[in-house]
$ cat final_10.pdb   # PDB, C-alpha atoms
ATOM      1  CA  MET A   1      10.228 -14.812   2.336
ATOM      2  CA  GLU A   2       8.076 -17.912   1.943
ATOM      3  CA  TYR A   3       4.398 -17.201   2.363
ATOM      4  CA  THR A   4       2.668 -19.538   4.791
ATOM      5  CA  ILE A   5      -0.831 -18.144   5.187
ATOM      6  CA  ASN A   6      -3.753 -18.549   2.841
ATOM      7  CA  GLY A   7      -3.325 -15.477   0.701
ATOM      8  CA  VAL A   8      -6.692 -15.775  -1.014
ATOM      9  CA  SER A   9      -8.586 -15.831   2.302
ATOM     10  CA  CYS A  10      -6.576 -12.878   3.588
ATOM     11  CA  ILE A  11      -7.297 -10.792   0.481
ATOM     12  CA  LYS A  12     -11.006 -11.660   0.620
ATOM     13  CA  GLY A  13     -11.047 -10.536   4.254
ATOM     14  CA  GLU A  14      -9.486  -7.198   3.302
ATOM     15  CA  VAL A  15     -12.007  -6.793   0.470
ATOM     16  CA  SER A  16     -14.874  -7.421   2.874
ATOM     17  CA  SER A  17     -13.528  -4.871   5.370
ATOM     18  CA  ILE A  18     -13.079  -2.180   2.709
ATOM     19  CA  MET A  19     -16.532  -2.778   1.198
ATOM     20  CA  THR A  20     -18.147  -2.525   4.636
ATOM     21  CA  LEU A  21     -16.310   0.736   5.264
ATOM     22  CA  MET A  22     -17.415   2.069   1.861
ATOM     23  CA  ARG A  23     -21.058   1.292   2.572
ATOM     24  CA  TRP A  24     -20.876   3.280   5.806
ATOM     25  CA  ASN A  25     -18.891   6.109   4.267
ATOM     26  CA  GLU A  26     -21.393   8.133   2.262
ATOM     27  CA  GLY A  27     -18.906  10.900   1.434
ATOM     28  CA  VAL A  28     -16.909   8.760  -0.985
ATOM     29  CA  GLU A  29     -17.230   9.980  -4.561
ATOM     30  CA  SER A  30     -17.554   7.241  -7.191
ATOM     31  CA  SER A  31     -18.112   4.670  -4.446
ATOM     32  CA  ASP A  32     -20.198   2.593  -6.854
ATOM     33  CA  GLY A  33     -17.199   2.247  -9.179
ATOM     34  CA  LEU A  34     -14.904   1.404  -6.268
ATOM     35  CA  ILE A  35     -17.346  -1.160  -4.867
ATOM     36  CA  HIS A  36     -17.698  -2.681  -8.339
ATOM     37  CA  SER A  37     -13.890  -3.129  -8.599
ATOM     38  CA  PHE A  38     -13.844  -4.991  -5.266
ATOM     39  CA  ARG A  39     -16.762  -7.179  -6.372
ATOM     40  CA  ARG A  40     -14.814  -8.055  -9.538
ATOM     41  CA  LEU A  41     -11.837  -8.999  -7.374
ATOM     42  CA  ASN A  42     -14.004 -11.267  -5.228
ATOM     43  CA  GLU A  43     -15.316 -12.933  -8.398
ATOM     44  CA  ALA A  44     -11.768 -13.381  -9.739
ATOM     45  CA  LEU A  45     -10.760 -15.123  -6.497
ATOM     46  CA  GLU A  46     -13.724 -17.551  -6.516
ATOM     47  CA  GLY A  47     -12.483 -21.127  -6.645
ATOM     48  CA  VAL A  48      -8.822 -20.043  -6.358
ATOM     49  CA  TYR A  49      -6.812 -21.580  -3.529
ATOM     50  CA  ASP A  50      -3.263 -20.659  -4.474
ATOM     51  CA  LEU A  51      -2.352 -16.989  -4.838
ATOM     52  CA  ARG A  52       0.349 -17.973  -7.337
ATOM     53  CA  GLU A  53      -2.479 -18.554  -9.835
ATOM     54  CA  VAL A  54      -3.565 -14.886  -9.713
ATOM     55  CA  GLU A  55      -1.940 -11.917 -11.460
ATOM     56  CA  CYS A  56      -0.584  -9.628  -8.730
ATOM     57  CA  VAL A  57      -2.213  -6.559 -10.308
ATOM     58  CA  THR A  58      -5.616  -8.248  -9.933
ATOM     59  CA  TYR A  59      -5.502  -7.978  -6.136
ATOM     60  CA  ILE A  60      -3.556  -4.699  -5.968
ATOM     61  CA  ASP A  61      -5.705  -2.704  -8.432
ATOM     62  CA  PRO A  62      -8.889  -2.109  -6.367
ATOM     63  CA  PHE A  63      -6.864  -0.914  -3.359
ATOM     64  CA  HIS A  64      -4.814   1.283  -5.699
ATOM     65  CA  HIS A  65      -8.023   2.888  -7.006
ATOM     66  CA  VAL A  66      -9.096   3.772  -3.461
ATOM     67  CA  ILE A  67      -5.734   5.289  -2.550
ATOM     68  CA  VAL A  68      -5.286   7.453  -5.658
ATOM     69  CA  SER A  69      -8.952   8.505  -6.093
ATOM     70  CA  LYS A  70      -9.942  12.094  -5.387
ATOM     71  CA  GLY A  71     -12.671  12.478  -2.813
ATOM     72  CA  THR A  72     -11.805   9.300  -0.926
ATOM     73  CA  SER A  73     -12.119   9.747   2.814
ATOM     74  CA  GLY A  74      -9.177   9.467   5.184
ATOM     75  CA  PRO A  75     -10.476   6.322   6.935
ATOM     76  CA  LEU A  76     -10.988   4.531   3.610
ATOM     77  CA  THR A  77      -7.520   5.517   2.357
ATOM     78  CA  SER A  78      -6.053   4.420   5.678
ATOM     79  CA  ALA A  79      -7.747   1.006   5.427
ATOM     80  CA  ALA A  80      -6.530   0.477   1.848
ATOM     81  CA  LEU A  81      -2.949   1.386   2.835
ATOM     82  CA  SER A  82      -3.149  -1.089   5.736
ATOM     83  CA  SER A  83      -4.327  -3.805   3.345
ATOM     84  CA  LEU A  84      -1.368  -3.252   1.021
ATOM     85  CA  SER A  85       0.993  -3.292   4.007
ATOM     86  CA  LYS A  86      -0.379  -6.710   4.957
ATOM     87  CA  PHE A  87       0.127  -7.963   1.404
ATOM     88  CA  ALA A  88       3.773  -6.849   1.481
ATOM     89  CA  LEU A  89       4.341  -8.213   4.992
ATOM     90  CA  TYR A  90       2.721 -11.606   4.275
ATOM     91  CA  GLY A  91       4.757 -12.185   1.117
ATOM     92  CA  PHE A  92       2.092 -11.545  -1.521
ATOM     93  CA  LEU A  93       4.588  -9.334  -3.385
ATOM     94  CA  ASN A  94       6.768 -12.264  -4.297
ATOM     95  CA  PRO A  95       9.069 -12.273  -7.344
ATOM     96  CA  HIS A  96       7.756 -15.735  -8.260
ATOM     97  CA  PHE A  97       4.122 -14.591  -8.451
ATOM     98  CA  PRO A  98       2.696 -13.714 -11.880
ATOM     99  CA  GLY A  99       2.657 -10.030 -12.778
ATOM    100  CA  VAL A 100       4.434  -8.954  -9.600
ATOM    101  CA  GLU A 101       6.542  -6.365 -11.435
ATOM    102  CA  SER A 102       3.379  -4.454 -12.421
ATOM    103  CA  GLY A 103       1.876  -5.075  -8.990
ATOM    104  CA  ILE A 104       4.765  -3.608  -7.027
ATOM    105  CA  ALA A 105       4.881  -0.637  -9.421
ATOM    106  CA  LYS A 106       1.197  -0.013  -8.547
ATOM    107  CA  VAL A 107       2.036  -0.157  -4.834
ATOM    108  CA  ALA A 108       4.825   2.386  -5.373
ATOM    109  CA  GLU A 109       2.335   4.603  -7.209
ATOM    110  CA  CYS A 110      -0.059   4.319  -4.248
ATOM    111  CA  ILE A 111       2.652   5.691  -1.978
ATOM    112  CA  SER A 112       3.714   8.551  -4.232
ATOM    113  CA  ASN A 113       0.206   9.521  -5.457
ATOM    114  CA  CYS A 114      -1.887   8.986  -2.316
ATOM    115  CA  ILE A 115      -4.869  11.384  -2.224
ATOM    116  CA  PHE A 116      -7.418  11.714   0.566
ATOM    117  CA  GLU A 117      -9.867  14.230   1.950
ATOM    118  CA  GLU A 118      -8.138  16.034   4.781
ATOM    119  CA  THR A 119     -10.019  16.172   8.054
ATOM    120  CA  ASP A 120      -8.232  16.988  11.280
ATOM    121  CA  TRP A 121      -4.445  16.933  11.398
ATOM    122  CA  GLU A 122      -4.222  14.037  13.889
ATOM    123  CA  SER A 123      -6.267  11.787  11.571
ATOM    124  CA  ASP A 124      -4.208  12.905   8.585
ATOM    125  CA  GLU A 125      -1.006  12.014  10.445
ATOM    126  CA  VAL A 126      -2.284   8.456  10.861
ATOM    127  CA  ILE A 127      -2.438   8.180   7.069
ATOM    128  CA  PHE A 128       1.075   9.569   6.726
ATOM    129  CA  MET A 129       2.270   6.972   9.253
ATOM    130  CA  LYS A 130       0.617   4.225   7.209
ATOM    131  CA  MET A 131       2.308   5.549   4.068
ATOM    132  CA  LEU A 132       5.658   5.359   5.862
ATOM    133  CA  GLU A 133       4.941   1.804   6.988
ATOM    134  CA  LEU A 134       3.989   0.742   3.447
ATOM    135  CA  SER A 135       7.110   2.467   2.075
ATOM    136  CA  ALA A 136       9.403   0.474   4.361
ATOM    137  CA  LEU A 137       7.613  -2.817   3.690
ATOM    138  CA  THR A 138       7.618  -2.256  -0.065
ATOM    139  CA  LEU A 139      11.323  -1.527  -0.227
ATOM    140  CA  ARG A 140      12.100  -4.505   2.028
ATOM    141  CA  CYS A 141       9.828  -7.116   0.416
ATOM    142  CA  ASP A 142      11.192  -9.871  -1.815
ATOM    143  CA  ALA A 143       9.972  -8.189  -5.004
ATOM    144  CA  SER A 144      11.577  -4.807  -4.238
ATOM    145  CA  SER A 145      14.443  -5.616  -6.620
ATOM    146  CA  LEU A 146      11.845  -5.343  -9.421
ATOM    147  CA  LEU A 147      11.108  -1.697  -8.630
ATOM    148  CA  THR A 148      12.449   0.787 -11.130
ATOM    149  CA  VAL A 149      14.925   3.368  -9.857
ATOM    150  CA  ARG A 150      12.236   5.988 -10.497
ATOM    151  CA  ASN A 151       9.664   4.105  -8.353
ATOM    152  CA  ALA A 152      12.169   3.687  -5.527
ATOM    153  CA  TRP A 153      13.134   7.361  -5.703
ATOM    154  CA  GLU A 154       9.464   8.449  -5.624
ATOM    155  CA  ILE A 155       8.888   6.354  -2.498
ATOM    156  CA  TYR A 156      11.972   7.894  -0.882
ATOM    157  CA  SER A 157      10.875  11.412  -1.908
ATOM    158  CA  THR A 158       7.417  10.824  -0.447
ATOM    159  CA  CYS A 159       8.980   9.882   2.887
ATOM    160  CA  LEU A 160      11.085  13.062   2.749
ATOM    161  CA  ASN A 161       7.984  15.139   2.003
ATOM    162  CA  ILE A 162       6.146  13.586   4.948
ATOM    163  CA  HIS A 163       9.085  14.480   7.191
ATOM    164  CA  HIS A 164       8.938  18.090   5.963
ATOM    165  CA  GLN A 165       5.188  18.572   6.549
ATOM    166  CA  TYR A 166       5.035  21.914   8.287
ATOM    167  CA  ARG A 167       2.499  20.689  10.859
ATOM    168  CA  ALA A 168       4.206  17.345  11.463
ATOM    169  CA  SER A 169       4.382  16.277  15.083
ATOM    170  CA  LYS A 170       7.633  15.095  16.634
ATOM    171  CA  ILE A 171       6.328  11.527  16.430
ATOM    172  CA  LEU A 172       5.617  11.766  12.690
ATOM    173  CA  LYS A 173       9.012  13.400  12.020
ATOM    174  CA  SER A 174      10.738  10.717  14.065
ATOM    175  CA  GLU A 175       8.886   7.935  12.228
ATOM    176  CA  ALA A 176       9.781   9.493   8.863
ATOM    177  CA  GLU A 177      13.451   9.739   9.878
ATOM    178  CA  SER A 178      13.422   6.118  11.020
ATOM    179  CA  THR A 179      11.798   4.957   7.775
ATOM    180  CA  LEU A 180      14.277   6.915   5.668
ATOM    181  CA  ARG A 181      17.175   5.470   7.653
ATOM    182  CA  HIS A 182      15.880   1.892   7.289
ATOM    183  CA  ILE A 183      15.180   2.082   3.578
ATOM    184  CA  THR A 184      18.550   3.746   2.924
ATOM    185  CA  LEU A 185      20.446   1.074   4.865
ATOM    186  CA  PHE A 186      18.449  -1.714   3.248
ATOM    187  CA  THR A 187      18.933  -0.317  -0.262
ATOM    188  CA  PHE A 188      22.696   0.041   0.165
ATOM    189  CA  SER A 189      23.075  -3.359   1.823
ATOM    190  CA  ARG A 190      21.239  -4.928  -1.113
ATOM    191  CA  ALA A 191      23.490  -3.052  -3.558
ATOM    192  CA  VAL A 192      26.587  -4.378  -1.727
ATOM    193  CA  LEU A 193      25.253  -7.952  -1.823
ATOM    194  CA  ALA A 194      24.497  -7.640  -5.543
ATOM    195  CA  SER A 195      28.021  -6.480  -6.409
TER     196      SER A 195
END
$ encode --input "final_10.pdb" --output "structure tokens"
Amino acid sequence: MEYTINGVSCIKGEVSSIMTLMRWNEGVESSDGLIHSFRRLNEALEGVYDLREVECVTYIDPFHHVIVSKGTSGPLTSAALSSLSKFALYGFLNPHFPGVESGIAKVAECISNCIFEETDWESDEVIFMKMLELSALTLRCDASSLLTVRNAWEIYSTCLNIHHQYRASKILKSEAESTLRHITLFTFSRAVLAS
């Protein structure tokens, strides 16, 4: 997939959205540390116009910290997952970008180690849906061939666990089944093409 949008502007927009949400979300533990990591990212992107000049981990890391941090609210986790989904969809996880192997491993870790403060079940299901979306996009993006077998299996297992949530609605179960079907078909079709 060739990326055609200005990746740097897109990432800065996501940073701005997350920082605004953090300022309004007083319940976030260690928000100062999280805000500081996004400020560092903004500084790293100053004067950069081509995303191929930036290590992939540089723009994945702050979102990763939000997703795997204890005490992070559901809305903040949801926003960070959406940001990573955009990065995968827009081609920012590209095998020709520097450090993408570490970057996609971090995204896989976000999926398998996502932590958030539970609120009401409907809101929690939204986060599970976003995890499913990110799972599918990660395993379908151009850099997915750089995932380790362990990373890929952990993503798959997370989707299975979401499907087996005892309170899962029919919609969430259906979405999990669909995601599992898509990533299975895609993985095997890629294996056939590689052989």
$ closest_atom_pairs --input "final_10.pdb" --of "segment 24-124 of chain A" --to "segment 164-186 of chain A" --cutoff "10 Å" --atoms "only C-alpha atoms" --output "tab-separated table"
residue	atom	partner	partner_atom	distance
A:Trp121	CA	A:Arg167	CA	7.9
A:Glu122	CA	A:Ser169	CA	9.0
A:Asp124	CA	A:Ala168	CA	9.9
$ residues_around --input "final_10.pdb" --residues "Glu14 of chain A" --least-positions-apart "2" --cutoff "12 Å" --atoms "all atoms listed in the file" --output "ChimeraX atom specification"
/A:7-12,16-21,38,41-42,59-60,62-63,76,79-87
$ resolve_selection --input "final_10.pdb" --expression "the PyMOL selection byres ((chain A and resi 113-119) around 7)" --output "list in words"
Ile67, Val68, Ser69, Lys70, Gly71, Thr72, Ser73, Gly74, Thr77, Glu109, Cys110, Ile111, Ser112, Asp120, Trp121, Ser123 and Asp124 of chain A
$ atom_distance --input "final_10.pdb" --atom1 "atom CA of Trp24 of chain A" --atom2 "atom CA of Val57 of chain A"
26.5 Å
$ atom_distance --input "final_10.pdb" --atom1 "atom CA of Thr148 of chain A" --atom2 "atom CA of Val107 of chain A"
12.2 Å
$ atom_distance --input "final_10.pdb" --atom1 "atom CA of Ile155 of chain A" --atom2 "atom CA of Gly99 of chain A"
20.3 Å
$ closest_residue --input "final_10.pdb" --among "A:Asp50, A:Glu133, A:Leu139, A:Ile127" --to "Pro98 of chain A" --atoms "all atoms listed in the file"
A:Asp50
$ resolve_selection --input "final_10.pdb" --expression "the PyMOL selection byres ((chain A and resi 100) around 10)" --output "PDB file with C-alpha atoms, in the coordinates of the input"
ATOM      1  CA  VAL A  54      -3.565 -14.886  -9.713  1.00  0.00           C
ATOM      2  CA  GLU A  55      -1.940 -11.917 -11.460  1.00  0.00           C
ATOM      3  CA  CYS A  56      -0.584  -9.628  -8.730  1.00  0.00           C
ATOM      4  CA  VAL A  57      -2.213  -6.559 -10.308  1.00  0.00           C
ATOM      5  CA  ILE A  60      -3.556  -4.699  -5.968  1.00  0.00           C
ATOM      6  CA  PHE A  92       2.092 -11.545  -1.521  1.00  0.00           C
ATOM      7  CA  LEU A  93       4.588  -9.334  -3.385  1.00  0.00           C
ATOM      8  CA  ASN A  94       6.768 -12.264  -4.297  1.00  0.00           C
ATOM      9  CA  PRO A  95       9.069 -12.273  -7.344  1.00  0.00           C
ATOM     10  CA  HIS A  96       7.756 -15.735  -8.260  1.00  0.00           C
ATOM     11  CA  PHE A  97       4.122 -14.591  -8.451  1.00  0.00           C
ATOM     12  CA  PRO A  98       2.696 -13.714 -11.880  1.00  0.00           C
ATOM     13  CA  GLY A  99       2.657 -10.030 -12.778  1.00  0.00           C
ATOM     14  CA  GLU A 101       6.542  -6.365 -11.435  1.00  0.00           C
ATOM     15  CA  SER A 102       3.379  -4.454 -12.421  1.00  0.00           C
ATOM     16  CA  GLY A 103       1.876  -5.075  -8.990  1.00  0.00           C
ATOM     17  CA  ILE A 104       4.765  -3.608  -7.027  1.00  0.00           C
ATOM     18  CA  ALA A 105       4.881  -0.637  -9.421  1.00  0.00           C
ATOM     19  CA  LYS A 106       1.197  -0.013  -8.547  1.00  0.00           C
ATOM     20  CA  ALA A 143       9.972  -8.189  -5.004  1.00  0.00           C
ATOM     21  CA  SER A 144      11.577  -4.807  -4.238  1.00  0.00           C
ATOM     22  CA  LEU A 146      11.845  -5.343  -9.421  1.00  0.00           C
ATOM     23  CA  LEU A 147      11.108  -1.697  -8.630  1.00  0.00           C
TER      24      LEU A 147
END
$ residues_around --input "final_10.pdb" --residues "Leu137 of chain A" --least-positions-apart "3" --cutoff "8 Å" --atoms "all atoms listed in the file" --output "PyMOL selection string"
chain A and resi 85+88-89+133-134+140-141
$ closest_residue --input "final_10.pdb" --among "A:Ser157, A:Asn151, A:Ser145, A:Ser78" --to "Glu125 of chain A" --atoms "all atoms listed in the file"
A:Ser78
$ residues_near_point --input "final_10.pdb" --point "(4.7, 8.8, 6.6)" --cutoff "6 Å" --atoms "all atoms listed in the file" --output "PDB file with C-alpha atoms, in the frame of the given file"
ATOM      1  CA  PHE A 128       1.075   9.569   6.726  1.00  0.00           C
ATOM      2  CA  MET A 129       2.270   6.972   9.253  1.00  0.00           C
ATOM      3  CA  MET A 131       2.308   5.549   4.068  1.00  0.00           C
ATOM      4  CA  LEU A 132       5.658   5.359   5.862  1.00  0.00           C
ATOM      5  CA  CYS A 159       8.980   9.882   2.887  1.00  0.00           C
ATOM      6  CA  ILE A 162       6.146  13.586   4.948  1.00  0.00           C
ATOM      7  CA  ALA A 176       9.781   9.493   8.863  1.00  0.00           C
TER       8      ALA A 176
END
